[in-house]
file data-v8.csv (CSV, C-alpha atoms and all ligand atoms)
chain,number,residue,atom,x,y,z
R,1034,MET,CA,-130.9,-60.6,-168.4
R,1035,SER,CA,-133.7,-60.6,-165.9
R,1036,ILE,CA,-133.2,-59.8,-162.3
R,1037,ASN,CA,-132.8,-62.9,-160.3
R,1038,ALA,CA,-135.7,-63.2,-157.8
R,1039,THR,CA,-133.3,-64.3,-155.0
R,1040,THR,CA,-130.8,-61.5,-155.5
R,1041,SER,CA,-130.5,-59.6,-152.3
R,1042,LEU,CA,-130.5,-55.8,-152.5
R,1043,VAL,CA,-128.2,-54.7,-149.7
R,1044,LEU,CA,-127.7,-50.9,-150.0
R,1045,ILE,CA,-125.2,-48.7,-148.4
R,1046,THR,CA,-127.1,-46.2,-146.2
R,1047,GLU,CA,-124.3,-44.2,-144.6
R,1048,ILE,CA,-120.6,-43.8,-144.5
R,1049,LYS,CA,-118.6,-42.0,-141.8
R,1050,LEU,CA,-115.0,-41.0,-142.2
R,1051,GLU,CA,-112.5,-40.1,-139.5
R,1052,ASN,CA,-109.2,-38.5,-140.7
R,1053,PHE,CA,-109.4,-40.1,-144.1
R,1054,ARG,CA,-107.3,-38.0,-146.6
R,1055,CYS,CA,-108.6,-34.5,-146.7
R,1056,TYR,CA,-111.6,-35.3,-144.4
R,1057,GLU,CA,-111.4,-34.7,-140.7
R,1058,TYR,CA,-114.8,-36.1,-139.9
R,1059,ILE,CA,-117.9,-36.5,-142.2
R,1060,GLU,CA,-121.1,-38.4,-142.1
R,1061,LEU,CA,-122.6,-39.0,-145.5
R,1062,PRO,CA,-126.1,-40.5,-145.9
R,1063,ILE,CA,-126.3,-42.5,-149.1
R,1064,LYS,CA,-129.6,-43.0,-150.8
R,1065,SER,CA,-130.6,-45.8,-153.1
R,1066,GLY,CA,-130.2,-44.9,-156.8
R,1067,VAL,CA,-127.6,-42.6,-158.1
R,1068,THR,CA,-125.6,-40.1,-156.0
R,1069,LEU,CA,-123.5,-37.4,-157.7
R,1070,ILE,CA,-120.6,-35.9,-155.9
R,1071,TYR,CA,-119.4,-32.7,-157.6
R,1072,GLY,CA,-116.8,-30.1,-156.9
R,1073,GLU,CA,-113.7,-28.4,-158.3
R,1074,ASN,CA,-110.4,-30.2,-158.9
R,1075,GLY,CA,-108.7,-31.1,-155.6
R,1076,SER,CA,-111.9,-30.6,-153.6
R,1077,GLY,CA,-112.0,-34.2,-152.3
R,1078,LYS,CA,-114.3,-36.1,-154.8
R,1079,SER,CA,-112.0,-39.0,-155.5
R,1080,SER,CA,-111.2,-39.3,-151.8
R,1081,ILE,CA,-114.9,-40.2,-151.2
R,1082,ILE,CA,-114.9,-42.8,-153.9
R,1083,GLU,CA,-111.6,-44.1,-152.4
R,1084,ALA,CA,-113.1,-44.1,-148.9
R,1085,LEU,CA,-116.2,-46.1,-150.1
R,1086,TYR,CA,-114.0,-48.6,-151.9
R,1087,PHE,CA,-111.7,-48.8,-148.8
R,1088,SER,CA,-114.6,-49.4,-146.5
R,1089,ILE,CA,-115.9,-52.4,-148.4
R,1090,SER,CA,-112.5,-53.8,-149.5
R,1091,GLY,CA,-109.9,-52.6,-147.1
R,1092,LYS,CA,-107.8,-51.5,-150.1
R,1093,SER,CA,-107.3,-48.3,-152.0
R,1094,PHE,CA,-107.4,-48.2,-155.8
R,1095,ARG,CA,-105.0,-45.2,-155.8
R,1096,VAL,CA,-102.2,-46.5,-153.7
R,1097,THR,CA,-100.9,-49.9,-152.7
R,1098,ASP,CA,-99.6,-48.6,-149.4
R,1099,THR,CA,-102.7,-47.6,-147.5
R,1100,ASN,CA,-100.7,-45.4,-145.0
R,1101,ALA,CA,-101.3,-42.7,-147.6
R,1102,VAL,CA,-105.1,-42.6,-146.9
R,1103,ILE,CA,-104.5,-41.5,-143.3
R,1104,ARG,CA,-104.9,-37.7,-142.9
R,1105,LYS,CA,-101.5,-36.0,-143.1
R,1106,ASN,CA,-99.5,-36.0,-139.8
R,1107,LEU,CA,-102.0,-38.2,-138.0
R,1108,LYS,CA,-101.6,-41.8,-136.8
R,1109,GLN,CA,-104.9,-43.5,-137.8
R,1110,THR,CA,-108.0,-43.3,-139.9
R,1111,GLN,CA,-111.3,-45.0,-139.5
R,1112,THR,CA,-114.2,-45.7,-141.8
R,1113,PHE,CA,-117.7,-46.8,-140.8
R,1114,ILE,CA,-120.1,-48.1,-143.3
R,1115,THR,CA,-123.8,-49.0,-142.7
R,1116,PHE,CA,-126.0,-51.2,-144.9
R,1117,SER,CA,-129.8,-51.3,-145.3
R,1118,ASN,CA,-130.0,-54.7,-143.6
R,1119,GLY,CA,-128.6,-53.3,-140.4
R,1120,SER,CA,-125.1,-54.7,-140.8
R,1121,GLY,CA,-122.0,-52.5,-140.8
R,1122,VAL,CA,-118.3,-52.6,-141.1
R,1123,LYS,CA,-115.7,-50.6,-139.2
R,1124,ILE,CA,-112.1,-50.4,-140.6
R,1125,THR,CA,-109.3,-49.0,-138.5
R,1126,LYS,CA,-106.0,-48.3,-140.3
R,1127,LYS,CA,-103.2,-47.3,-138.0
R,1128,LEU,CA,-99.9,-46.0,-139.3
R,1129,ASN,CA,-97.6,-48.9,-140.4
R,1130,GLU,CA,-100.1,-51.5,-139.2
R,1131,LYS,CA,-102.4,-53.8,-141.1
R,1132,SER,CA,-106.0,-52.6,-141.3
R,1133,LYS,CA,-108.5,-54.1,-138.8
R,1134,ILE,CA,-111.8,-55.0,-140.2
R,1135,ILE,CA,-114.7,-55.4,-137.8
R,1136,GLN,CA,-118.3,-56.4,-138.4
R,1137,THR,CA,-120.2,-54.0,-136.2
R,1138,LYS,CA,-123.1,-56.4,-135.4
R,1139,ASP,CA,-121.1,-59.2,-133.7
R,1140,LYS,CA,-117.6,-57.5,-133.4
R,1141,LYS,CA,-116.3,-60.3,-135.6
R,1142,THR,CA,-113.0,-59.7,-137.4
R,1143,LEU,CA,-113.1,-60.2,-141.2
R,1144,SER,CA,-110.3,-60.9,-143.6
R,1145,TYR,CA,-110.0,-58.9,-146.8
R,1146,SER,CA,-111.3,-61.9,-148.7
R,1147,GLN,CA,-114.4,-62.3,-146.4
R,1148,LEU,CA,-115.1,-58.5,-146.7
R,1149,VAL,CA,-115.0,-58.4,-150.5
R,1150,THR,CA,-117.0,-61.7,-150.7
R,1151,ASN,CA,-119.8,-60.1,-148.6
R,1152,TYR,CA,-119.8,-56.7,-150.3
R,1153,PRO,CA,-118.8,-56.9,-154.0
R,1154,SER,CA,-118.4,-53.6,-155.8
R,1155,CYS,CA,-117.9,-52.4,-159.3
R,1156,LEU,CA,-115.2,-49.8,-159.5
R,1157,ILE,CA,-114.8,-47.6,-162.6
R,1158,GLU,CA,-112.1,-45.0,-162.3
R,1159,ASN,CA,-109.5,-43.4,-164.5
R,1160,LYS,CA,-106.9,-46.2,-164.5
R,1161,GLU,CA,-109.7,-48.7,-165.4
R,1162,PHE,CA,-111.6,-46.5,-167.8
R,1163,PHE,CA,-109.5,-47.4,-170.8
R,1164,PHE,CA,-109.0,-51.1,-171.4
R,1165,THR,CA,-107.6,-50.1,-174.8
R,1166,THR,CA,-104.5,-48.6,-173.1
R,1167,SER,CA,-104.4,-50.6,-169.9
R,1168,SER,CA,-101.3,-52.7,-169.0
R,1169,PRO,CA,-101.6,-56.5,-169.2
R,1170,GLU,CA,-101.5,-56.5,-165.4
R,1171,GLU,CA,-104.5,-54.2,-165.2
R,1172,LYS,CA,-106.5,-56.3,-167.6
R,1173,ARG,CA,-105.4,-59.5,-165.8
R,1174,SER,CA,-106.8,-58.0,-162.5
R,1175,PHE,CA,-110.1,-57.4,-164.2
R,1176,LEU,CA,-110.3,-61.1,-165.2
R,1177,ASN,CA,-109.1,-62.1,-161.7
R,1178,LYS,CA,-111.6,-60.0,-159.9
R,1179,THR,CA,-114.5,-61.3,-162.0
R,1180,LEU,CA,-113.3,-64.9,-161.6
R,1181,PHE,CA,-113.0,-64.5,-157.8
R,1182,TYR,CA,-116.9,-64.2,-157.7
R,1183,VAL,CA,-117.8,-66.3,-160.7
R,1184,GLU,CA,-115.5,-69.3,-160.4
R,1185,GLN,CA,-115.4,-71.2,-157.1
R,1186,ASN,CA,-111.9,-72.6,-157.5
R,1187,SER,CA,-110.2,-69.5,-158.8
R,1188,LYS,CA,-108.8,-68.2,-155.5
R,1189,LYS,CA,-107.2,-71.6,-154.8
R,1190,THR,CA,-105.9,-72.0,-158.3
R,1191,LEU,CA,-104.3,-68.6,-158.4
R,1192,ASN,CA,-102.7,-69.0,-155.0
R,1193,GLU,CA,-101.3,-72.3,-156.2
R,1194,LEU,CA,-100.0,-70.6,-159.4
R,1195,LYS,CA,-98.2,-68.0,-157.3
R,1196,LYS,CA,-96.6,-70.7,-155.1
R,1197,ILE,CA,-95.4,-72.8,-158.1
R,1198,LEU,CA,-93.9,-69.7,-159.9
R,1199,TYR,CA,-92.1,-68.7,-156.8
R,1200,GLN,CA,-90.6,-72.1,-156.4
R,1201,ARG,CA,-89.8,-72.4,-160.0
R,1202,SER,CA,-87.9,-69.0,-159.9
R,1203,ALA,CA,-85.9,-70.3,-157.0
R,1204,CYS,CA,-84.9,-73.4,-159.0
R,1205,LEU,CA,-84.0,-71.2,-162.1
R,1206,LYS,CA,-81.9,-68.9,-159.9
R,1207,ASN,CA,-80.0,-71.8,-158.4
R,1208,ARG,CA,-79.9,-73.8,-161.6
R,1209,ASP,CA,-81.4,-76.6,-159.6
R,1210,LEU,CA,-82.0,-79.1,-162.4
R,1211,ALA,CA,-83.1,-81.8,-160.0
R,1212,GLN,CA,-86.1,-79.9,-158.6
R,1213,LEU,CA,-87.1,-77.9,-161.7
R,1214,PRO,CA,-89.0,-80.8,-163.5
R,1215,TYR,CA,-91.1,-81.2,-160.3
R,1216,TRP,CA,-92.3,-77.6,-160.5
R,1217,ASP,CA,-92.6,-77.8,-164.3
R,1218,SER,CA,-95.0,-80.7,-164.0
R,1219,LYS,CA,-97.0,-78.9,-161.3
R,1220,LEU,CA,-97.3,-75.9,-163.6
R,1221,ILE,CA,-98.2,-78.0,-166.6
R,1222,LEU,CA,-101.0,-79.6,-164.6
R,1223,LEU,CA,-102.4,-76.3,-163.4
R,1224,GLU,CA,-102.3,-74.4,-166.6
R,1225,PRO,CA,-105.4,-75.9,-168.3
R,1226,LEU,CA,-107.5,-75.1,-165.3
R,1227,ILE,CA,-106.6,-71.4,-165.4
R,1228,THR,CA,-106.9,-71.2,-169.1
R,1229,GLU,CA,-110.3,-72.9,-169.1
R,1230,ASN,CA,-111.7,-70.6,-166.3
R,1231,ASN,CA,-110.5,-67.6,-168.3
R,1232,LEU,CA,-111.8,-68.8,-171.6
R,1233,ASN,CA,-115.2,-69.5,-170.1
R,1234,LEU,CA,-115.3,-66.0,-168.6
R,1235,VAL,CA,-114.3,-64.4,-171.9
R,1236,GLN,CA,-116.9,-66.4,-173.8
R,1237,SER,CA,-119.6,-65.3,-171.3
R,1238,ILE,CA,-118.5,-61.6,-171.7
R,1239,ASN,CA,-118.5,-61.9,-175.5
R,1240,GLU,CA,-122.0,-63.4,-175.5
R,1241,MET,CA,-123.2,-60.6,-173.3
R,1242,LEU,CA,-121.5,-58.0,-175.6
R,1243,LYS,CA,-123.5,-59.5,-178.5
R,1244,ASN,CA,-126.8,-59.9,-176.7
R,1245,SER,CA,-127.8,-58.6,-173.3
R,1246,ASN,CA,-130.1,-55.8,-172.0
R,1247,LEU,CA,-127.0,-53.8,-171.2
R,1248,SER,CA,-125.4,-54.0,-174.7
R,1249,ASN,CA,-128.8,-53.4,-176.4
R,1250,HIS,CA,-129.2,-50.3,-174.2
R,1251,PHE,CA,-125.8,-48.8,-175.0
R,1252,SER,CA,-125.8,-49.8,-178.7
R,1253,ILE,CA,-128.7,-47.5,-179.5
R,1254,LYS,CA,-126.2,-44.7,-179.6
R,1255,ASN,CA,-123.1,-46.9,-180.2
R,1256,PRO,CA,-123.9,-49.4,-182.9
R,1257,TRP,CA,-120.2,-50.3,-183.1
R,1258,LEU,CA,-120.6,-52.0,-179.7
R,1259,LYS,CA,-122.1,-55.0,-181.4
R,1260,ASP,CA,-118.8,-55.6,-183.2
R,1261,LEU,CA,-116.7,-55.3,-180.1
R,1262,ASN,CA,-115.2,-58.4,-178.6
R,1263,ILE,CA,-112.6,-59.6,-176.2
R,1264,GLN,CA,-109.8,-61.8,-177.5
R,1265,TYR,CA,-108.1,-63.8,-174.8
R,1266,SER,CA,-104.4,-64.1,-174.8
R,1267,HIS,CA,-103.0,-67.2,-173.0
R,1268,GLY,CA,-99.7,-65.8,-171.9
R,1269,TYR,CA,-97.9,-68.2,-174.3
R,1270,ASP,CA,-98.1,-69.2,-177.9
R,1271,LYS,CA,-101.3,-71.3,-177.8
R,1272,ASN,CA,-100.4,-73.1,-181.1
R,1273,GLN,CA,-97.8,-75.1,-179.2
R,1274,SER,CA,-98.3,-77.3,-176.1
R,1275,PHE,CA,-97.4,-75.5,-172.9
R,1276,SER,CA,-95.0,-78.2,-171.9
R,1277,SER,CA,-92.9,-77.8,-175.1
R,1278,ILE,CA,-92.9,-74.1,-174.5
R,1279,LEU,CA,-91.4,-74.6,-171.0
R,1280,GLN,CA,-88.8,-76.8,-172.6
R,1281,GLN,CA,-87.9,-74.3,-175.3
R,1282,ASN,CA,-87.7,-71.5,-172.8
R,1283,MET,CA,-85.6,-73.2,-170.2
R,1284,GLU,CA,-82.2,-71.6,-171.1
R,1285,LYS,CA,-83.9,-68.1,-171.4
R,1286,ASP,CA,-85.8,-68.6,-168.2
R,1287,MET,CA,-82.5,-69.5,-166.4
R,1288,ILE,CA,-80.8,-66.4,-167.6
R,1289,LEU,CA,-83.8,-64.2,-166.7
R,1290,LYS,CA,-84.4,-66.2,-163.5
R,1291,ARG,CA,-88.2,-66.3,-164.1
R,1292,THR,CA,-90.8,-68.1,-166.1
R,1293,THR,CA,-91.1,-65.9,-169.2
R,1294,ALA,CA,-94.2,-67.5,-170.7
R,1295,GLY,CA,-97.2,-69.1,-169.1
R,1296,PRO,CA,-100.7,-68.6,-167.7
R,1297,HIS,CA,-99.4,-65.9,-165.3
R,1298,ARG,CA,-99.0,-63.6,-168.4
R,1299,ARG,CA,-102.6,-64.0,-169.5
R,1300,THR,CA,-104.4,-60.9,-170.7
R,1301,PHE,CA,-106.9,-59.8,-173.4
R,1302,ASP,CA,-107.3,-57.4,-176.2
R,1303,LEU,CA,-110.3,-55.5,-177.3
R,1304,LEU,CA,-111.1,-55.9,-181.0
R,1305,ILE,CA,-113.6,-54.5,-183.4
R,1306,ASN,CA,-114.0,-56.7,-186.4
R,1307,ASN,CA,-110.6,-58.2,-185.7
R,1308,LYS,CA,-108.8,-54.8,-185.5
R,1309,SER,CA,-107.5,-53.3,-182.3
R,1310,ALA,CA,-110.2,-51.2,-180.7
R,1311,TYR,CA,-107.6,-48.7,-179.7
R,1312,GLU,CA,-106.9,-47.8,-183.3
R,1313,ILE,CA,-110.6,-47.5,-184.3
R,1314,LEU,CA,-112.4,-45.9,-181.4
R,1315,SER,CA,-112.3,-42.3,-180.2
R,1316,ARG,CA,-111.4,-41.7,-176.6
R,1317,GLY,CA,-115.0,-41.2,-175.7
R,1318,GLN,CA,-115.9,-44.5,-177.4
R,1319,GLN,CA,-113.1,-46.2,-175.6
R,1320,LYS,CA,-114.5,-44.9,-172.4
R,1321,ILE,CA,-118.0,-46.3,-173.3
R,1322,ALA,CA,-116.5,-49.7,-174.1
R,1323,SER,CA,-114.8,-49.7,-170.7
R,1324,ILE,CA,-117.9,-48.7,-168.8
R,1325,MET,CA,-119.8,-51.4,-170.7
R,1326,LEU,CA,-117.3,-54.1,-169.7
R,1327,HIS,CA,-117.4,-53.0,-166.0
R,1328,LEU,CA,-121.2,-53.1,-166.0
R,1329,LEU,CA,-121.1,-56.5,-167.7
R,1330,GLN,CA,-118.6,-57.6,-165.0
R,1331,ARG,CA,-121.1,-56.3,-162.4
R,1332,GLU,CA,-123.9,-58.4,-164.1
R,1333,LEU,CA,-121.8,-61.5,-163.9
R,1334,ILE,CA,-120.9,-61.0,-160.3
R,1335,LYS,CA,-124.6,-60.3,-159.5
R,1336,ILE,CA,-125.7,-63.5,-161.2
R,1337,HIS,CA,-123.1,-65.6,-159.3
R,1338,THR,CA,-123.2,-64.1,-155.9
R,1339,GLU,CA,-126.9,-63.1,-155.8
R,1340,VAL,CA,-125.8,-59.8,-154.3
R,1341,GLU,CA,-126.2,-56.4,-156.1
R,1342,PRO,CA,-122.7,-54.9,-156.4
R,1343,ILE,CA,-122.6,-51.2,-155.7
R,1344,VAL,CA,-121.1,-49.1,-158.6
R,1345,LEU,CA,-118.4,-46.5,-157.8
R,1346,MET,CA,-117.4,-44.3,-160.6
R,1347,ASP,CA,-114.8,-41.6,-160.4
R,1348,ASP,CA,-114.7,-38.7,-162.8
R,1349,ILE,CA,-117.4,-39.7,-165.3
R,1350,SER,CA,-118.0,-36.5,-167.2
R,1351,SER,CA,-114.6,-36.1,-168.9
R,1352,GLU,CA,-114.7,-37.4,-172.5
R,1353,LEU,CA,-118.3,-38.6,-172.3
R,1354,ASP,CA,-120.7,-36.8,-174.5
R,1355,ASN,CA,-124.2,-35.8,-173.3
R,1356,ASP,CA,-126.0,-38.6,-175.1
R,1357,ASN,CA,-123.8,-41.3,-173.6
R,1358,ALA,CA,-123.8,-39.7,-170.1
R,1359,ASN,CA,-127.6,-39.8,-170.2
R,1360,LEU,CA,-127.7,-43.3,-171.6
R,1361,MET,CA,-125.5,-44.5,-168.7
R,1362,LEU,CA,-127.6,-42.6,-166.1
R,1363,LYS,CA,-130.8,-44.1,-167.5
R,1364,TYR,CA,-129.4,-47.6,-167.3
R,1365,LEU,CA,-128.3,-47.1,-163.7
R,1366,LEU,CA,-131.6,-45.5,-162.7
R,1367,ASN,CA,-133.9,-47.9,-164.5
R,1368,ASN,CA,-132.1,-50.9,-163.1
R,1369,ASN,CA,-132.1,-49.5,-159.5
R,1370,ILE,CA,-128.3,-49.8,-159.3
R,1371,GLN,CA,-126.9,-48.0,-156.3
R,1372,THR,CA,-124.2,-45.8,-157.7
R,1373,ILE,CA,-121.9,-43.1,-156.4
R,1374,MET,CA,-120.2,-41.1,-159.1
R,1375,THR,CA,-118.1,-37.9,-159.2
R,1376,SER,CA,-117.9,-35.1,-161.7
R,1377,ILE,CA,-116.3,-31.7,-161.9
R,1378,GLU,CA,-119.7,-30.2,-162.8
R,1379,ASN,CA,-123.4,-30.9,-162.2
R,1380,LYS,CA,-124.9,-28.9,-165.1
R,1381,ARG,CA,-125.6,-31.7,-167.3
R,1382,PHE,CA,-127.4,-33.6,-164.5
R,1383,LEU,CA,-129.7,-30.8,-163.3
R,1384,ASP,CA,-132.7,-32.1,-165.1
R,1385,GLU,CA,-132.4,-35.4,-163.5
R,1386,LYS,CA,-134.7,-35.4,-160.5
R,1387,ASP,CA,-134.0,-38.9,-159.3
R,1388,LEU,CA,-130.4,-37.9,-158.5
R,1389,THR,CA,-129.0,-37.1,-155.1
R,1390,MET,CA,-126.3,-34.5,-155.3
R,1391,PHE,CA,-123.6,-33.4,-152.9
R,1392,TYR,CA,-121.2,-30.5,-153.4
R,1393,VAL,CA,-117.7,-30.9,-152.1
R,1394,GLU,CA,-115.3,-28.1,-151.3
R,1395,GLN,CA,-112.0,-27.7,-149.6
R,1396,ILE,CA,-111.5,-24.9,-147.1
R,1397,GLY,CA,-107.9,-24.6,-145.8
R,1398,ASP,CA,-106.7,-28.2,-145.7
R,1399,LYS,CA,-110.1,-29.6,-144.9
R,1400,SER,CA,-112.8,-30.8,-147.2
R,1401,ASN,CA,-116.5,-30.6,-146.5
R,1402,VAL,CA,-119.6,-32.1,-148.2
R,1403,LYS,CA,-122.9,-30.2,-148.6
R,1501,LIG,N1,-103.4,-38.0,-146.6
R,1501,LIG,C1,-103.9,-36.8,-146.9
R,1501,LIG,N2,-104.1,-36.0,-145.8
R,1501,LIG,C2,-104.7,-34.8,-146.1
R,1501,LIG,N3,-105.0,-34.3,-147.3
R,1501,LIG,C3,-104.8,-35.1,-148.4
R,1501,LIG,C4,-104.2,-36.4,-148.2
R,1501,LIG,N4,-104.1,-37.0,-149.4
R,1501,LIG,C5,-104.6,-36.1,-150.3
R,1501,LIG,N5,-105.0,-35.0,-149.7
R,1501,LIG,C6,-105.6,-33.8,-150.3
R,1501,LIG,O1,-106.9,-34.1,-150.6
R,1501,LIG,C7,-107.4,-33.2,-151.6
R,1501,LIG,C8,-108.5,-33.8,-152.4
R,1501,LIG,O2,-108.0,-34.8,-153.3
R,1501,LIG,P1,-109.0,-35.6,-154.3
R,1501,LIG,O3,-110.0,-36.3,-153.5
R,1501,LIG,O4,-108.1,-36.3,-155.2
R,1501,LIG,O5,-109.7,-34.4,-155.0
R,1501,LIG,P2,-110.6,-34.4,-156.4
R,1501,LIG,O6,-110.9,-35.8,-156.8
R,1501,LIG,O7,-111.8,-33.6,-156.0
R,1501,LIG,O8,-109.8,-33.7,-157.4
R,1501,LIG,C9,-106.2,-32.7,-152.3
R,1501,LIG,O9,-106.1,-31.3,-152.1
R,1501,LIG,C10,-105.0,-33.4,-151.6
R,1501,LIG,O10,-103.9,-32.5,-151.4
R,1502,MG,MG,-110.4,-36.8,-158.6

call {"tool": "encode", "arguments": {"input": "data-v8.csv", "output": "structure tokens", "more": "lines below"}}
Ligand SMILES: Nc1ncnc2c1ncn2[C@@H]1O[C@H](COP(=O)(O)OP(=O)(O)O)[C@@H](O)[C@H]1O
Ligand SMILES: [Mg+2]
result
Amino acid sequence: MSINATTSLVLITEIKLENFRCYEYIELPIKSGVTLIYGENGSGKSSIIEALYFSISGKSFRVTDTNAVIRKNLKQTQTFITFSNGSGVKITKKLNEKSKIIQTKDKKTLSYSQLVTNYPSCLIENKEFFFTTSSPEEKRSFLNKTLFYVEQNSKKTLNELKKILYQRSACLKNRDLAQLPYWDSKLILLEPLITENNLNLVQSINEMLKNSNLSNHFSIKNPWLKDLNIQYSHGYDKNQSFSSILQQNMEKDMILKRTTAGPHRRTFDLLINNKSAYEILSRGQQKIASIMLHLLQRELIKIHTEVEPIVLMDDISSELDNDNANLMLKYLLNNNIQTIMTSIENKRFLDEKDLTMFYVEQIGDKSNVK
């Protein structure tokens, strides 16, 4: 896929952290290209990836309760991120309060949704490394995140789905047979929209797996990649109509007080020649497959938003052989993809002169970056 001429390349130029996890105060200049952060276990590498992710999303990928990112025994943390176009974002998270997100240029407050719309990212970390062992929820959130950027109506549609399921649960709980058909009909109306969005997305990903610069690049060392594909799972038996499934499940749903089958249970499987990739691929190969899928996700987001998403990659070295680590690095460098990655060691990257490296160490209860 060629780079879109109108794609805007907004790079991160600096991040400052105040009382974030093990950091008291650091200023970290970030160059274009690839930055490697290395250091021993527990030195503070993941905390930097977490801080970068937090500063462009307001969320943490390690915890749902962001109170945990505030440095121990303190009352607030702040992150400041600056971009090459002069814009910046300051996030203040006070203990037990919602984060405040401020655009530094005009002091405008941003919502989470506005923030991630402006600064898309591609996060690849341990939980996300193995699609082959991920939970259906984790795979669903991969689809949702991609659709958020790729499909205009997806945010509205998913909010609507949440509302309908909530109301339907209430009816099931109260055995409210008068109201139940109303919410059933709403759900039956919404289902094809969600299924269509997801099927289109999965089709695009499968086409890119077969034929894209990215898959061509990685399949040099991994010919099996060309046989990899995603199989979408609707969340219900697709050989029957969704309305008949709701009918059949009514008694069961009332007992369990929730909608047991439907588009809210959608997920996917990774297959190689129609067999589960989990059974066929080694751990290292599974990791390559996941990295590929995330980089494909990044391509799709880039095409649809015309913004270059930054890549954040935690703990890349483990289980990746030298050939594949080099292949990945080459792709990121050749395509000018701003990437911040962490690793326990830097040995295998020493020959790479286009790489910026930082060493992280913890002294006492404080981490430092050099
Ligand atoms: N809220 C916090 N306040 C202070 N230190 C923290 C906090 N949360 C985690 N830590 C410490 O941060 C250190 C670095 O963690 P981490 O970034 O996960 O290291 P690495 O990824 O290098 O293994 C750990 O020693 C941990 O105890
Ligand atoms: Mg770590």

call {"tool": "closest_residue", "arguments": {"input": "data-v8.csv", "among": "R:Val1067, R:Ile1305, R:Ile1253, R:Cys1055", "to": "ligand LIG 1501 (chain R)", "atoms": "all atoms listed in the file"}}
result
R:Cys1055

call {"tool": "residues_around", "arguments": {"input": "data-v8.csv", "residues": "Tyr1086 in chain R", "least_positions_apart": "6", "cutoff": "9 Å", "atoms": "only C-alpha atoms", "output": "list in words"}}
result
Lys1092, Ser1093, Phe1094, Ser1154, Leu1156 and Leu1345 of chain R

call {"tool": "residues_around", "arguments": {"input": "data-v8.csv", "residues": "Val1393 in chain R", "least_positions_apart": "6", "cutoff": "8 Å", "atoms": "all atoms listed in the file", "output": "list in words"}}
result
Ile1070, Tyr1071, Gly1072, Glu1073, Ser1076, Gly1077, Lys1078, Ser1400, Asn1401, Val1402 and Lys1403 of chain R

call {"tool": "residues_near_ligand", "arguments": {"input": "data-v8.csv", "ligand": "ligand MG 1502 (chain R)", "cutoff": "9 Å", "atoms": "only C-alpha atoms and all ligand atoms", "output": "VMD selection string"}}
result
chain R and resid 1074 to 1080 1082 1159 1347 to 1348 1375 to 1377

call {"tool": "atom_distance", "arguments": {"input": "data-v8.csv", "atom1": "CA of Val1043 in chain R", "atom2": "CA of Asn1192 in chain R"}}
result
29.7 Å

call {"tool": "closest_residue", "arguments": {"input": "data-v8.csv", "among": "R:Lys1133, R:Lys1308, R:Lys1380, R:Lys1271", "to": "Pro1225 in chain R", "atoms": "all atoms listed in the file"}}
result
R:Lys1271

call {"tool": "residues_around", "arguments": {"input": "data-v8.csv", "residues": "Thr1166 in chain R", "least_positions_apart": "3", "cutoff": "12 Å", "atoms": "only C-alpha atoms", "output": "list of chain:residue names"}}
result
R:Asn1159, R:Lys1160, R:Glu1161, R:Phe1162, R:Phe1163, R:Pro1169, R:Glu1170, R:Glu1171, R:Lys1172, R:Phe1301, R:Asp1302, R:Leu1303, R:Ser1309, R:Ala1310, R:Tyr1311, R:Glu1312, R:Leu1314, R:Arg1316, R:Gln1319, R:Lys1320, R:Ser1323

call {"tool": "closest_residue", "arguments": {"input": "data-v8.csv", "among": "R:Lys1131, R:His1250, R:Lys1105, R:Lys1049", "to": "ligand LIG 1501 (chain R)", "atoms": "only C-alpha atoms and all ligand atoms"}}
result
R:Lys1105

call {"tool": "closest_residue", "arguments": {"input": "data-v8.csv", "among": "R:Cys1155, R:Ala1294, R:Val1235, R:Met1374", "to": "ligand LIG 1501 (chain R)", "atoms": "all atoms listed in the file"}}
result
R:Met1374

call {"tool": "atom_distance", "arguments": {"input": "data-v8.csv", "atom1": "CA of Glu1240 in chain R", "atom2": "CA of His1327 in chain R"}}
result
14.8 Å

call {"tool": "closest_residue", "arguments": {"input": "data-v8.csv", "among": "R:Glu1057, R:Asp1217, R:Glu1224, R:Glu1193", "to": "ligand LIG 1501 (chain R)", "atoms": "all atoms listed in the file"}}
result
R:Glu1057

call {"tool": "closest_residue", "arguments": {"input": "data-v8.csv", "among": "R:Lys1363, R:Lys1127, R:Lys1108, R:Lys1188", "to": "Ser1146 in chain R", "atoms": "all atoms listed in the file"}}
result
R:Lys1188

call {"tool": "atom_distance", "arguments": {"input": "data-v8.csv", "atom1": "CA of Thr1389 in chain R", "atom2": "CA of Thr1068 in chain R"}}
result
4.6 Å

call {"tool": "residues_around", "arguments": {"input": "data-v8.csv", "residues": "Lys1138 in chain R", "least_positions_apart": "6", "cutoff": "12 Å", "atoms": "all atoms listed in the file", "output": "compact mmCIF listing (two decimals) with C-alpha atoms, in the coordinates of the input"}}
result
# COMPACT_ATOMS: atom_id res chain seq x y z
CA ILE R 1114 -120.10 -48.10 -143.30
CA THR R 1115 -123.80 -49.00 -142.70
CA PHE R 1116 -126.00 -51.20 -144.90
CA ASN R 1118 -130.00 -54.70 -143.60
CA GLY R 1119 -128.60 -53.30 -140.40
CA SER R 1120 -125.10 -54.70 -140.80
CA GLY R 1121 -122.00 -52.50 -140.80
CA VAL R 1122 -118.30 -52.60 -141.10
CA LYS R 1123 -115.70 -50.60 -139.20

call {"tool": "residues_around", "arguments": {"input": "data-v8.csv", "residues": "Glu1341 in chain R", "least_positions_apart": "6", "cutoff": "8 Å", "atoms": "all atoms listed in the file", "output": "VMD selection string"}}
result
chain R and resid 1040 to 1043 1153 1335 1370
